[in-house]
Amino acid sequence: MTQKLEGGCTCGAVRYRLNRAPMITHCCHCTWCQRETGSAFVINAVIESAEVELLAGAPKVTLTPSNSGRGQLIARCPECQVTVWSHYPTAGEAAAFIRVGTLDDKSALTPDVHIFRSSAVSWLALTDGKPAFDDYYPDHLAIWGPDAMARWEKLMASRS
């Protein structure tokens, strides 16, 4: 990522900037993401929350159910209710899963990996050549790479 990416909700009340490239970008095909987004999949860019700079407004964070039973925190614009990011239990609020569709340049980030392919809609053919897993990927290092993995490990250590 050569430039800092910016994004926000539909009404513009919440605006943010990514001050660093994401660690990884997932294209998730799980049924929970399908239901929550009303779409066939969601593209989430995983980044340290400290690297997400609020430029305007503040999202309202709501705990919602999840397949794990531990819930997820969804950050939505308090005005238009568009989800701008989520926080999942593994990293809590230390990592933000940015909804790539809320970026001003929606093509700036492409998926590094497809997850939960087993529940993908039948009409979708994956032709981007990225790794695809029926569930979650088994080996983080092989998918994330050493730099992203080091960032993740540092993030997780800071939560201890």
# chains A, B, ... in the order shown; residues from 1 in each chain; ligands from 1
>>> residues_around(residues="region 14-23 of chain A", least_positions_apart="3", cutoff="6 Å", atoms="only C-alpha atoms", output="PDB file with N, CA and C atoms, in the first residue's frame")
ATOM      1  N   MET A   1       0.856  -1.169   0.000  1.00  0.00           N
ATOM      2  CA  MET A   1       0.000   0.000   0.000  1.00  0.00           C
ATOM      3  C   MET A   1       0.898   1.227   0.000  1.00  0.00           C
ATOM      4  N   LYS A   4      -2.112   6.081   2.045  1.00  0.00           N
ATOM      5  CA  LYS A   4      -3.042   5.765   3.122  1.00  0.00           C
ATOM      6  C   LYS A   4      -4.454   5.739   2.541  1.00  0.00           C
ATOM      7  N   LEU A   5      -5.169   4.678   2.845  1.00  0.00           N
ATOM      8  CA  LEU A   5      -6.518   4.522   2.330  1.00  0.00           C
ATOM      9  C   LEU A   5      -7.518   5.140   3.285  1.00  0.00           C
ATOM     10  N   GLU A   6      -8.544   5.751   2.718  1.00  0.00           N
ATOM     11  CA  GLU A   6      -9.611   6.332   3.520  1.00  0.00           C
ATOM     12  C   GLU A   6     -10.933   5.710   3.133  1.00  0.00           C
ATOM     13  N   GLY A   7     -11.868   5.771   4.082  1.00  0.00           N
ATOM     14  CA  GLY A   7     -13.194   5.238   3.816  1.00  0.00           C
ATOM     15  C   GLY A   7     -14.182   5.776   4.821  1.00  0.00           C
ATOM     16  N   GLY A   8     -15.383   5.255   4.744  1.00  0.00           N
ATOM     17  CA  GLY A   8     -16.412   5.688   5.672  1.00  0.00           C
ATOM     18  C   GLY A   8     -17.758   5.106   5.320  1.00  0.00           C
ATOM     19  N   CYS A   9     -18.730   5.547   6.060  1.00  0.00           N
ATOM     20  CA  CYS A   9     -20.099   5.073   5.881  1.00  0.00           C
ATOM     21  C   CYS A   9     -20.762   5.787   4.705  1.00  0.00           C
ATOM     22  N   ALA A  45     -10.424  -6.471   5.652  1.00  0.00           N
ATOM     23  CA  ALA A  45      -8.990  -6.210   5.751  1.00  0.00           C
ATOM     24  C   ALA A  45      -8.633  -6.145   7.234  1.00  0.00           C
ATOM     25  N   VAL A  46      -7.756  -7.022   7.680  1.00  0.00           N
ATOM     26  CA  VAL A  46      -7.394  -7.125   9.090  1.00  0.00           C
ATOM     27  C   VAL A  46      -6.209  -6.205   9.386  1.00  0.00           C
ATOM     28  N   ILE A  47      -6.422  -5.297  10.342  1.00  0.00           N
ATOM     29  CA  ILE A  47      -5.398  -4.305  10.677  1.00  0.00           C
ATOM     30  C   ILE A  47      -5.450  -4.008  12.173  1.00  0.00           C
ATOM     31  N   GLU A  51      -3.967   1.471  14.085  1.00  0.00           N
ATOM     32  CA  GLU A  51      -3.602   1.993  12.763  1.00  0.00           C
ATOM     33  C   GLU A  51      -4.818   2.522  11.992  1.00  0.00           C
ATOM     34  N   VAL A  52      -5.986   2.514  12.649  1.00  0.00           N
ATOM     35  CA  VAL A  52      -7.204   3.067  12.054  1.00  0.00           C
ATOM     36  C   VAL A  52      -7.452   4.416  12.711  1.00  0.00           C
ATOM     37  N   GLU A  53      -7.314   5.462  11.938  1.00  0.00           N
ATOM     38  CA  GLU A  53      -7.475   6.829  12.442  1.00  0.00           C
ATOM     39  C   GLU A  53      -8.878   7.336  12.102  1.00  0.00           C
ATOM     40  N   LEU A  54      -9.614   7.725  13.114  1.00  0.00           N
ATOM     41  CA  LEU A  54     -10.929   8.324  12.871  1.00  0.00           C
ATOM     42  C   LEU A  54     -10.743   9.745  12.375  1.00  0.00           C
ATOM     43  N   LEU A  55     -11.361  10.057  11.247  1.00  0.00           N
ATOM     44  CA  LEU A  55     -11.293  11.396  10.666  1.00  0.00           C
ATOM     45  C   LEU A  55     -12.549  12.200  10.966  1.00  0.00           C
ATOM     46  N   ALA A  56     -13.665  11.499  11.151  1.00  0.00           N
ATOM     47  CA  ALA A  56     -14.937  12.152  11.462  1.00  0.00           C
ATOM     48  C   ALA A  56     -15.829  11.166  12.183  1.00  0.00           C
ATOM     49  N   GLY A  57     -16.549  11.664  13.157  1.00  0.00           N
ATOM     50  CA  GLY A  57     -17.511  10.842  13.877  1.00  0.00           C
ATOM     51  C   GLY A  57     -16.877   9.688  14.620  1.00  0.00           C
ATOM     52  N   ALA A  58     -17.727   8.868  15.171  1.00  0.00           N
ATOM     53  CA  ALA A  58     -17.298   7.660  15.863  1.00  0.00           C
ATOM     54  C   ALA A  58     -18.379   6.612  15.664  1.00  0.00           C
ATOM     55  N   CYS A  77     -22.018   3.147  11.720  1.00  0.00           N
ATOM     56  CA  CYS A  77     -22.328   4.565  11.791  1.00  0.00           C
ATOM     57  C   CYS A  77     -23.613   4.720  12.599  1.00  0.00           C
ATOM     58  N   ALA A 148       3.480 -10.047   8.315  1.00  0.00           N
ATOM     59  CA  ALA A 148       2.120  -9.946   8.857  1.00  0.00           C
ATOM     60  C   ALA A 148       1.987 -10.793  10.116  1.00  0.00           C
TER      61      ALA A 148
END
>>> select_by_dssp(residues="region 8-111 of chain A", states="strand (DSSP E or B)", output="MDAnalysis selection string")
chainID A and resid 8 15:18 24:28 42:48 52:56 60:64 72:76 83:87 95:99 103
>>> closest_residue(among="A:Thr10, A:Ser86, A:Ser49, A:Asn44", to="His26 (chain A)", atoms="only C-alpha atoms")
A:Asn44
>>> closest_atom_pairs(of="region 1-117 of chain A", to="region 139-142 of chain A", cutoff="12 Å", atoms="only C-alpha atoms", output="tab-separated table")
residue	atom	partner	partner_atom	distance
A:Met23	CA	A:His140	CA	11.3
A:Ile24	CA	A:His140	CA	10.3
A:Asp112	CA	A:Ala142	CA	11.5
A:Val113	CA	A:His140	CA	11.0
>>> select_by_dssp(residues="chain A", states="helix (DSSP H, G or I)", output="MDAnalysis selection string")
chainID A and resid 31:37 49:51 92:94 100:102 117:119 140:144 146:158
>>> write_last_selection(atoms="N, CA and C atoms", output="CSV table (one decimal), in the first residue's frame")
chain,number,residue,atom,x,y,z
A,31,THR,N,-21.8,-18.5,6.2
A,31,THR,CA,-23.2,-18.1,6.2
A,31,THR,C,-23.5,-16.9,7.1
A,32,TRP,N,-22.7,-16.8,8.2
A,32,TRP,CA,-22.9,-15.7,9.1
A,32,TRP,C,-22.6,-14.4,8.4
A,33,CYS,N,-21.5,-14.3,7.7
A,33,CYS,CA,-21.2,-13.1,6.9
A,33,CYS,C,-22.2,-12.8,5.8
A,34,GLN,N,-22.7,-13.9,5.2
A,34,GLN,CA,-23.7,-13.7,4.2
A,34,GLN,C,-24.9,-13.0,4.8
A,35,ARG,N,-25.4,-13.5,5.9
A,35,ARG,CA,-26.6,-13.0,6.5
A,35,ARG,C,-26.3,-11.5,7.0
A,36,GLU,N,-25.2,-11.3,7.7
A,36,GLU,CA,-24.9,-10.0,8.2
A,36,GLU,C,-24.8,-8.9,7.2
A,37,THR,N,-24.3,-9.3,6.0
A,37,THR,CA,-24.0,-8.3,5.0
A,37,THR,C,-25.1,-8.2,3.9
A,49,SER,N,-6.1,-2.0,15.3
A,49,SER,CA,-7.0,-0.9,15.5
A,49,SER,C,-6.3,0.4,15.7
A,50,ALA,N,-5.1,0.4,16.3
A,50,ALA,CA,-4.3,1.6,16.5
A,50,ALA,C,-3.9,2.2,15.2
A,51,GLU,N,-4.0,1.5,14.1
A,51,GLU,CA,-3.6,2.0,12.8
A,51,GLU,C,-4.8,2.5,12.0
A,92,GLY,N,-10.1,-9.3,20.0
A,92,GLY,CA,-10.9,-8.2,20.6
A,92,GLY,C,-10.8,-6.9,19.9
A,93,GLU,N,-10.8,-5.8,20.6
A,93,GLU,CA,-10.8,-4.5,19.9
A,93,GLU,C,-9.4,-4.1,19.5
A,94,ALA,N,-8.4,-5.0,19.7
A,94,ALA,CA,-7.1,-4.6,19.3
A,94,ALA,C,-6.9,-4.7,17.7
A,100,VAL,N,-14.0,-3.8,3.4
A,100,VAL,CA,-13.3,-3.2,2.2
A,100,VAL,C,-14.3,-2.4,1.4
A,101,GLY,N,-15.6,-2.8,1.4
A,101,GLY,CA,-16.6,-2.0,0.6
A,101,GLY,C,-16.8,-0.6,1.1
A,102,THR,N,-16.3,-0.3,2.3
A,102,THR,CA,-16.5,1.1,2.8
A,102,THR,C,-15.3,2.0,2.5
A,117,ARG,N,-15.1,-21.5,2.1
A,117,ARG,CA,-15.6,-21.8,0.7
A,117,ARG,C,-16.7,-22.9,0.7
A,118,SER,N,-16.7,-23.7,1.7
A,118,SER,CA,-17.7,-24.8,1.8
A,118,SER,C,-19.1,-24.2,1.8
A,119,SER,N,-19.3,-23.0,2.3
A,119,SER,CA,-20.7,-22.4,2.3
A,119,SER,C,-20.8,-21.3,1.3
A,140,HIS,N,-1.4,-20.3,9.5
A,140,HIS,CA,-1.4,-18.9,9.4
A,140,HIS,C,-0.2,-18.4,8.7
A,141,LEU,N,1.0,-18.9,9.1
A,141,LEU,CA,2.3,-18.4,8.5
A,141,LEU,C,2.3,-18.5,7.0
A,142,ALA,N,1.8,-19.7,6.5
A,142,ALA,CA,1.8,-19.9,5.1
A,142,ALA,C,1.0,-18.9,4.3
A,143,ILE,N,-0.1,-18.5,4.9
A,143,ILE,CA,-1.0,-17.6,4.3
A,143,ILE,C,-0.7,-16.1,4.5
A,144,TRP,N,-0.3,-15.8,5.8
A,144,TRP,CA,-0.1,-14.4,6.1
A,144,TRP,C,1.3,-13.9,5.7
A,146,PRO,N,5.7,-13.8,6.9
A,146,PRO,CA,6.4,-13.6,8.1
A,146,PRO,C,6.1,-12.1,8.7
A,147,ASP,N,6.1,-11.1,7.8
A,147,ASP,CA,5.9,-9.8,8.4
A,147,ASP,C,4.5,-9.6,9.0
A,148,ALA,N,3.5,-10.0,8.3
A,148,ALA,CA,2.1,-9.9,8.9
A,148,ALA,C,2.0,-10.8,10.1
A,149,MET,N,2.6,-12.0,10.1
A,149,MET,CA,2.5,-12.8,11.3
A,149,MET,C,3.2,-12.2,12.5
A,150,ALA,N,4.3,-11.5,12.2
A,150,ALA,CA,5.0,-10.8,13.3
A,150,ALA,C,4.2,-9.7,13.9
A,151,ARG,N,3.5,-9.0,13.0
A,151,ARG,CA,2.6,-7.9,13.5
A,151,ARG,C,1.4,-8.5,14.3
A,152,TRP,N,0.9,-9.6,13.9
A,152,TRP,CA,-0.2,-10.3,14.6
A,152,TRP,C,0.2,-10.8,16.0
A,153,GLU,N,1.4,-11.4,16.0
A,153,GLU,CA,1.9,-11.9,17.3
A,153,GLU,C,2.2,-10.8,18.2
A,154,LYS,N,2.7,-9.7,17.7
A,154,LYS,CA,2.9,-8.5,18.6
A,154,LYS,C,1.6,-8.0,19.1
A,155,LEU,N,0.6,-7.9,18.3
A,155,LEU,CA,-0.7,-7.5,18.7
A,155,LEU,C,-1.3,-8.4,19.8
A,156,MET,N,-1.2,-9.7,19.6
A,156,MET,CA,-1.7,-10.6,20.5
A,156,MET,C,-0.9,-10.6,21.9
A,157,ALA,N,0.4,-10.4,21.8
A,157,ALA,CA,1.2,-10.2,23.0
A,157,ALA,C,0.8,-9.0,23.8
A,158,SER,N,0.4,-8.0,23.1
A,158,SER,CA,0.0,-6.7,23.8
A,158,SER,C,-1.3,-6.9,24.6
>>> residues_around(residues="region 70-74 of chain A", least_positions_apart="6", cutoff="12 Å", atoms="only C-alpha atoms", output="list of chain:residue names")
A:Trp32, A:Cys33, A:Glu36, A:Thr37, A:Pro59, A:Lys60, A:Val61, A:Thr62, A:Leu63, A:Thr64, A:Gln81, A:Val82, A:Thr83, A:Val84, A:Trp85, A:Ser86, A:His87, A:Tyr88, A:Pro89, A:Thr90, A:Ala91, A:Gly92, A:Glu93, A:Ala94, A:Ala95, A:Ala96, A:Phe97, A:Ile98, A:Arg99
>>> write_last_selection(atoms="N, CA and C atoms", output="tab-separated table (two decimals), in the first residue's frame")
chain	number	residue	atom	x	y	z
A	32	TRP	N	-22.73	-16.79	8.17
A	32	TRP	CA	-22.92	-15.66	9.09
A	32	TRP	C	-22.61	-14.35	8.38
A	33	CYS	N	-21.50	-14.29	7.66
A	33	CYS	CA	-21.16	-13.07	6.92
A	33	CYS	C	-22.19	-12.80	5.82
A	36	GLU	N	-25.18	-11.30	7.67
A	36	GLU	CA	-24.92	-9.97	8.23
A	36	GLU	C	-24.78	-8.89	7.17
A	37	THR	N	-24.26	-9.25	6.01
A	37	THR	CA	-24.04	-8.26	4.96
A	37	THR	C	-25.14	-8.25	3.91
A	59	PRO	N	-17.98	5.40	15.32
A	59	PRO	CA	-19.00	4.37	15.13
A	59	PRO	C	-19.60	3.93	16.46
A	60	LYS	N	-20.80	3.43	16.38
A	60	LYS	CA	-21.46	2.81	17.53
A	60	LYS	C	-21.12	1.32	17.47
A	61	VAL	N	-20.62	0.78	18.57
A	61	VAL	CA	-20.19	-0.62	18.61
A	61	VAL	C	-21.26	-1.44	19.30
A	62	THR	N	-21.69	-2.51	18.62
A	62	THR	CA	-22.75	-3.37	19.11
A	62	THR	C	-22.28	-4.82	19.13
A	63	LEU	N	-22.55	-5.53	20.22
A	63	LEU	CA	-22.24	-6.95	20.31
A	63	LEU	C	-23.34	-7.73	19.60
A	64	THR	N	-22.95	-8.56	18.64
A	64	THR	CA	-23.91	-9.38	17.91
A	64	THR	C	-23.52	-10.85	18.04
A	81	GLN	N	-26.19	3.55	9.91
A	81	GLN	CA	-26.10	2.15	10.35
A	81	GLN	C	-25.21	1.26	9.48
A	82	VAL	N	-24.43	1.83	8.58
A	82	VAL	CA	-23.52	1.04	7.76
A	82	VAL	C	-22.38	0.52	8.64
A	83	THR	N	-22.07	-0.77	8.49
A	83	THR	CA	-20.94	-1.36	9.23
A	83	THR	C	-19.64	-0.95	8.55
A	84	VAL	N	-18.72	-0.37	9.34
A	84	VAL	CA	-17.42	0.02	8.80
A	84	VAL	C	-16.33	-0.98	9.18
A	85	TRP	N	-16.49	-1.64	10.33
A	85	TRP	CA	-15.56	-2.70	10.71
A	85	TRP	C	-16.16	-3.55	11.82
A	86	SER	N	-15.47	-4.65	12.11
A	86	SER	CA	-15.85	-5.55	13.21
A	86	SER	C	-14.63	-5.86	14.05
A	87	HIS	N	-14.89	-6.34	15.26
A	87	HIS	CA	-13.85	-6.86	16.14
A	87	HIS	C	-14.30	-8.27	16.53
A	88	TYR	N	-13.43	-9.25	16.32
A	88	TYR	CA	-13.73	-10.63	16.66
A	88	TYR	C	-13.04	-11.01	17.96
A	89	PRO	N	-13.56	-12.00	18.67
A	89	PRO	CA	-13.05	-12.34	20.01
A	89	PRO	C	-11.57	-12.66	20.10
A	90	THR	N	-10.98	-13.26	19.09
A	90	THR	CA	-9.58	-13.67	19.18
A	90	THR	C	-8.67	-12.50	19.54
A	91	ALA	N	-8.84	-11.38	18.85
A	91	ALA	CA	-8.01	-10.21	19.11
A	91	ALA	C	-8.77	-9.11	19.84
A	92	GLY	N	-10.06	-9.27	19.99
A	92	GLY	CA	-10.86	-8.23	20.64
A	92	GLY	C	-10.77	-6.93	19.87
A	93	GLU	N	-10.82	-5.83	20.60
A	93	GLU	CA	-10.81	-4.52	19.94
A	93	GLU	C	-9.41	-4.09	19.50
A	94	ALA	N	-8.41	-4.95	19.70
A	94	ALA	CA	-7.05	-4.63	19.26
A	94	ALA	C	-6.89	-4.73	17.75
A	95	ALA	N	-7.74	-5.51	17.09
A	95	ALA	CA	-7.69	-5.65	15.63
A	95	ALA	C	-9.04	-5.28	15.05
A	96	ALA	N	-9.00	-4.55	13.95
A	96	ALA	CA	-10.22	-4.19	13.24
A	96	ALA	C	-10.27	-4.95	11.92
A	97	PHE	N	-11.45	-5.50	11.63
A	97	PHE	CA	-11.69	-6.17	10.37
A	97	PHE	C	-12.49	-5.17	9.52
A	98	ILE	N	-11.75	-4.38	8.75
A	98	ILE	CA	-12.33	-3.29	7.96
A	98	ILE	C	-13.14	-3.86	6.80
A	99	ARG	N	-14.36	-3.39	6.65
A	99	ARG	CA	-15.17	-3.77	5.49
A	99	ARG	C	-14.62	-3.03	4.28
>>> atom_distance(atom1="CA of Ala132 (chain A)", atom2="CA of Ile115 (chain A)")
5.9 Å
